[in-house]
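Engineer: Can you read through this structure? Questions will come right after.
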Amino acid sequence: MRIELLTSIRTNNFNDEQMMEKIQNMWKEAYRRLEGKNDTVYGVYYDYESDFEGDYSIGVGIENVENGNMLISDQANYNVYKVASSEEEGILRTWQKIWGLEESGELERAYTVDFEKYLPNGEIEIHIAIT
């Protein structure tokens, strides 16, 4: 699957005091560019320095077979986590669950490309690459 990244940033969950501001601004820019479209939107996590405590890149994009600049391998194995999109903090809670599974040894992440998939019907899934 080819994703056309509309915008991206580099950040860290623990050492970047401006992380939330950067992510919010990135999403605002992406939604301005997506205005009037009803595509599935992807939040793509890639270029990991190490694990969830290290630096990483995050971008927002849409599927685009011809102009996609980010490749998500169809051969990769993913665990898929459904987000309770009715909860205001559903995405954060789902990520916290994923980090907890990793810390307890129940999840072995590959740290290649992970993504959040925002479907037009409001459903959200987080796809985590596994080894």
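Every chain in the structure tokens has a letter given in the order shown (A, B, ...), and although residue numbers restart at 1 in each chain, ligands are simply numbered from 1 in the order shown.
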Determine, counting only C-alpha atoms, which protein, DNA and RNA residues have an atom within 8 Å of an atom of range 39-48 of chain A; residues of the same chain fewer than 2 positions away are not included. Present the result as a PyMOL selection string.
Structural biologist: chain A and resi 3+37+50-51+54-63+111-120
Engineer: Could you give me, as a PyMOL selection string, the residues within 8 Å of Ala84 in chain A, counting only C-alpha atoms and dropping anything in the same chain fewer than 5 positions from it?
Structural biologist: chain A and resi 90-91+124
Engineer: Work out how far apart CA of Thr131 in chain A and CA of Glu106 in chain A are and give it in Å to one decimal.
Structural biologist: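 Atom-to-atom, CA of Thr131 in chain A and CA of Glu106 in chain A are spaced 12.0 Å apart.
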Engineer: Could you pull the residues within 7 Å of Met70 in chain A, counting only C-alpha atoms, minus those fewer than 4 positions along the same chain, as a list in words?
Structural biologist: Arg2, Ile3, Glu4 and Leu5 of chain A
Engineer: Which distance in Å separates CA of Ile128 in chain A and CA of Ala110 in chain A, to one decimal?
Structural biologist: 8.1 Å
Engineer: Excluding same-chain residues fewer than 3 positions from Asn25 in chain A, what lies within 12 Å of it counting only C-alpha atoms, as a ChimeraX atom specification?
Structural biologist: /A:7-9,18-22,28-32,59-60
Engineer: Just to confirm, what's the straight-line distance from CA of Ile98 in chain A to CA of Phe52 in chain A in Å (one decimal)?
Structural biologist: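 Pair CA of Ile98 in chain A / CA of Phe52 in chain A returns 10.0 Å.
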Engineer: Residues of range 33-93 of chain A in strand (DSSP E) according to DSSP, as an MDAnalysis selection string?
Structural biologist: chainID A and resid 41:46 55:63 70:71 77:83
Engineer: Could you find all residues in range 7-131 of chain A that DSSP calls helix (DSSP H, G or I) from the backbone, and write them as JSON, numbers by chain?
Structural biologist: {"A": [19, 20, 21, 22, 23, 24, 25, 26, 27, 28, 29, 30, 31, 32, 33, 34, 90, 91, 92, 93, 94, 95, 96, 97, 98, 99, 100, 101, 102, 103]}
